[in-house]
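Chemist: Quick one: the structure is below, and I'll ask about it shortly.
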Amino acid sequence: MAETEITGNYLTDCRIWQKIISGMDTRAAKAIAGRQALGALRNRTSHDSRNVILSADAALQIPDGTNPTEETLWPYLQYGEMQTRGWLGRLFCVPMKKDVLLTWALYDARVLGPVEEDYITPDAPGLEEDKPEFRLPIDQPLRRAIHFPVGLINYAVPYAVPGQFRLH
């Protein structure tokens, strides 16, 4: 696969690479394809913006260096449906069970919903008690990055930050 844009749409190109990765027979082959995807999709953004609002069917918090203390205590947390806004960082390649997932990392994220409750709780075995340290607050900046598997992103919409200048 060439290291150039396939469709010109970052999310679509990430999804194409995810299908290629998932189609590989072995975990080693998936890892190699994942590294190729990272190279091919390097320095890309969503519609020429790093500020995005996105909705996804699932979100993860993984050890990525954004909050070493939390990552030591709770290295992997999985959340269900989530809408959020934040700064789109680099693409990650995350080994999960028998697959390798491409994820968009959102920094300085603020969870926008679902808003049935004041917090979003993880979908993880063993965390049945609603402990505050595992919950994500609604519309407050998070100290730890949120990762969204590209195959589970419903939409990504860029937004402008007041005072930020963009060349068109």
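Numbering starts fresh at 1 for the residues of each chain in the structure tokens, the chains themselves are lettered A, B, ... in the order given, and ligands are numbered from 1 as they appear.
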Among range 13-119 of chain A, which residues carry a DSSP assignment of strand (DSSP E or B), reported as a PyMOL selection string?

Modeler: chain A and resi 46+49+51-56+59-61+77-79+82-96+99-113+119

Chemist: Can you pull out the residues contacting Arg50 in chain A? Cut-off 7 Å, using only C-alpha atoms, and skip same-chain residues under 3 positions away; I want them as JSON, numbers by chain.

Modeler: {"A": [45, 46, 87, 88]}

Chemist: Give me a file of those residues, with N, CA and C atoms, as a PDB file, in the first residue's frame.

Modeler:
```
ATOM      1  N   THR A  45      -4.789  14.997   9.594  1.00  0.00           N
ATOM      2  CA  THR A  45      -5.758  15.569  10.522  1.00  0.00           C
ATOM      3  C   THR A  45      -7.165  15.374   9.979  1.00  0.00           C
ATOM      4  N   SER A  46      -8.139  15.664  10.806  1.00  0.00           N
ATOM      5  CA  SER A  46      -9.534  15.563  10.394  1.00  0.00           C
ATOM      6  C   SER A  46      -9.967  16.885   9.774  1.00  0.00           C
ATOM      7  N   TRP A  87      -8.556  17.767  21.416  1.00  0.00           N
ATOM      8  CA  TRP A  87      -7.466  17.966  20.463  1.00  0.00           C
ATOM      9  C   TRP A  87      -7.015  16.610  19.941  1.00  0.00           C
ATOM     10  N   LEU A  88      -7.089  16.428  18.622  1.00  0.00           N
ATOM     11  CA  LEU A  88      -6.740  15.158  17.981  1.00  0.00           C
ATOM     12  C   LEU A  88      -5.235  15.009  17.887  1.00  0.00           C
TER      13      LEU A  88
END
```

Chemist: Looking at A:Trp17, A:Tyr107, A:Tyr10, A:Tyr155, which one is nearest to Gln83 in chain A, with distances taken over only C-alpha atoms?

Modeler: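 Of A:Trp17, A:Tyr107, A:Tyr10, A:Tyr155, the one nearest Gln83 in chain A, counting only C-alpha atoms, is A:Tyr155.
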
Chemist: List every residue of chain A that DSSP, applied to the backbone, labels as alpha helix (DSSP H), and write the result as a ChimeraX atom specification.

Modeler: /A:10-22,27-40,68-73

Chemist: Residues at most 6 Å from Ala59 in chain A, counting only C-alpha atoms, excluding those fewer than 5 positions away in the same chain, as an NGL selection string?

Modeler: :A and (78-79 or 147-148)

Chemist: Closest to Ile16 in chain A among A:Leu41, A:Ala56, A:Ala31, A:Val111, using only C-alpha atoms?

Modeler: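 Using only C-alpha atoms, the shortest distance to Ile16 in chain A belongs to A:Leu41.
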
Chemist: What's around Thr69 in chain A at 12 Å? Count only C-alpha atoms, leave out sequence neighbours fewer than 6 positions away in its own chain, and write the answer as a VMD selection string.

Modeler: chain A and resid 63 75 143 to 144

Chemist: I need the residues from that last selection saved to file as a compact mmCIF listing (two decimals), in the first residue's frame (with all heavy atoms), if you can.

Modeler:
```txt
# COMPACT_ATOMS: atom_id res chain seq x y z
N PRO A 63 -2.46 2.82 28.49
CA PRO A 63 -1.18 3.42 28.92
C PRO A 63 -0.52 4.14 27.74
O PRO A 63 -0.06 3.51 26.80
CB PRO A 63 -0.35 2.22 29.36
CG PRO A 63 -1.31 1.11 29.57
CD PRO A 63 -2.46 1.37 28.65
N PRO A 75 -4.58 0.55 34.07
CA PRO A 75 -3.96 0.69 32.75
C PRO A 75 -4.95 0.71 31.59
O PRO A 75 -4.82 1.50 30.67
CB PRO A 75 -3.01 -0.49 32.65
CG PRO A 75 -3.34 -1.39 33.77
CD PRO A 75 -4.16 -0.65 34.76
N ARG A 143 -7.68 14.64 32.46
CA ARG A 143 -6.22 14.65 32.58
C ARG A 143 -5.59 13.54 31.75
O ARG A 143 -4.39 13.55 31.52
CB ARG A 143 -5.83 14.48 34.04
CG ARG A 143 -6.27 15.61 34.93
CD ARG A 143 -5.80 15.39 36.36
NE ARG A 143 -6.10 14.04 36.80
CZ ARG A 143 -6.82 13.75 37.87
NH1 ARG A 143 -7.31 14.69 38.62
NH2 ARG A 143 -7.05 12.50 38.21
N ARG A 144 -6.38 12.60 31.33
CA ARG A 144 -5.87 11.44 30.60
C ARG A 144 -6.51 11.39 29.22
O ARG A 144 -7.69 11.69 29.06
CB ARG A 144 -6.20 10.18 31.40
CG ARG A 144 -5.55 8.93 30.90
CD ARG A 144 -5.79 7.81 31.88
NE ARG A 144 -5.28 6.55 31.36
CZ ARG A 144 -5.49 5.38 31.91
NH1 ARG A 144 -6.19 5.31 33.04
NH2 ARG A 144 -5.01 4.28 31.39
```

Chemist: Expressed in Å to a single decimal, how great is the separation between CA of Arg44 in chain A and CA of Arg90 in chain A?

Modeler: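 Interatomic distance, CA of Arg44 in chain A to CA of Arg90 in chain A: 8.3 Å.
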
Chemist: Find, counting only C-alpha atoms, the residue in A:Ile21, A:Ile53, A:Ala28, A:Ile62 that gets nearest to Pro158 in chain A.

Modeler: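 Residue with the minimum atom-to-atom distance to Pro158 in chain A: A:Ile53.
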
Chemist: Nearest to Leu101 in chain A: which of A:Pro149, A:Ala40, A:Ala29, A:Gly23 is it, counting only C-alpha atoms?

Modeler: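 Answer, going by the shortest atom-to-atom distance: A:Pro149.
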
Chemist: Return the single residue from A:Thr7, A:Asn154, A:Thr84, A:Asn67 that is closest to Pro114 in chain A, with distances computed using only C-alpha atoms.

Modeler: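 Using only C-alpha atoms, Pro114 in chain A sits closest to A:Thr84.
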
Chemist: Find the residue from A:Leu112, A:Gly8, A:Arg15, A:Gly34 that sits nearest to Asp48 in chain A; use only C-alpha atoms when measuring.

Modeler: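 Smallest distance to Asp48 in chain A is found for A:Gly8.
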
Chemist: For the atom pair CA of Ser49 in chain A and CA of Asp64 in chain A, what is the interatomic distance in Å to one decimal place?

Modeler: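 About the pair CA of Ser49 in chain A and CA of Asp64 in chain A: they are 22.0 Å apart.
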
Chemist: In Å, with one decimal, what is the gap from CA of Trp104 in chain A to CA of Gly89 in chain A?

Modeler: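 Taking CA of Trp104 in chain A as the start and CA of Gly89 in chain A as the end point, the length is 7.0 Å.
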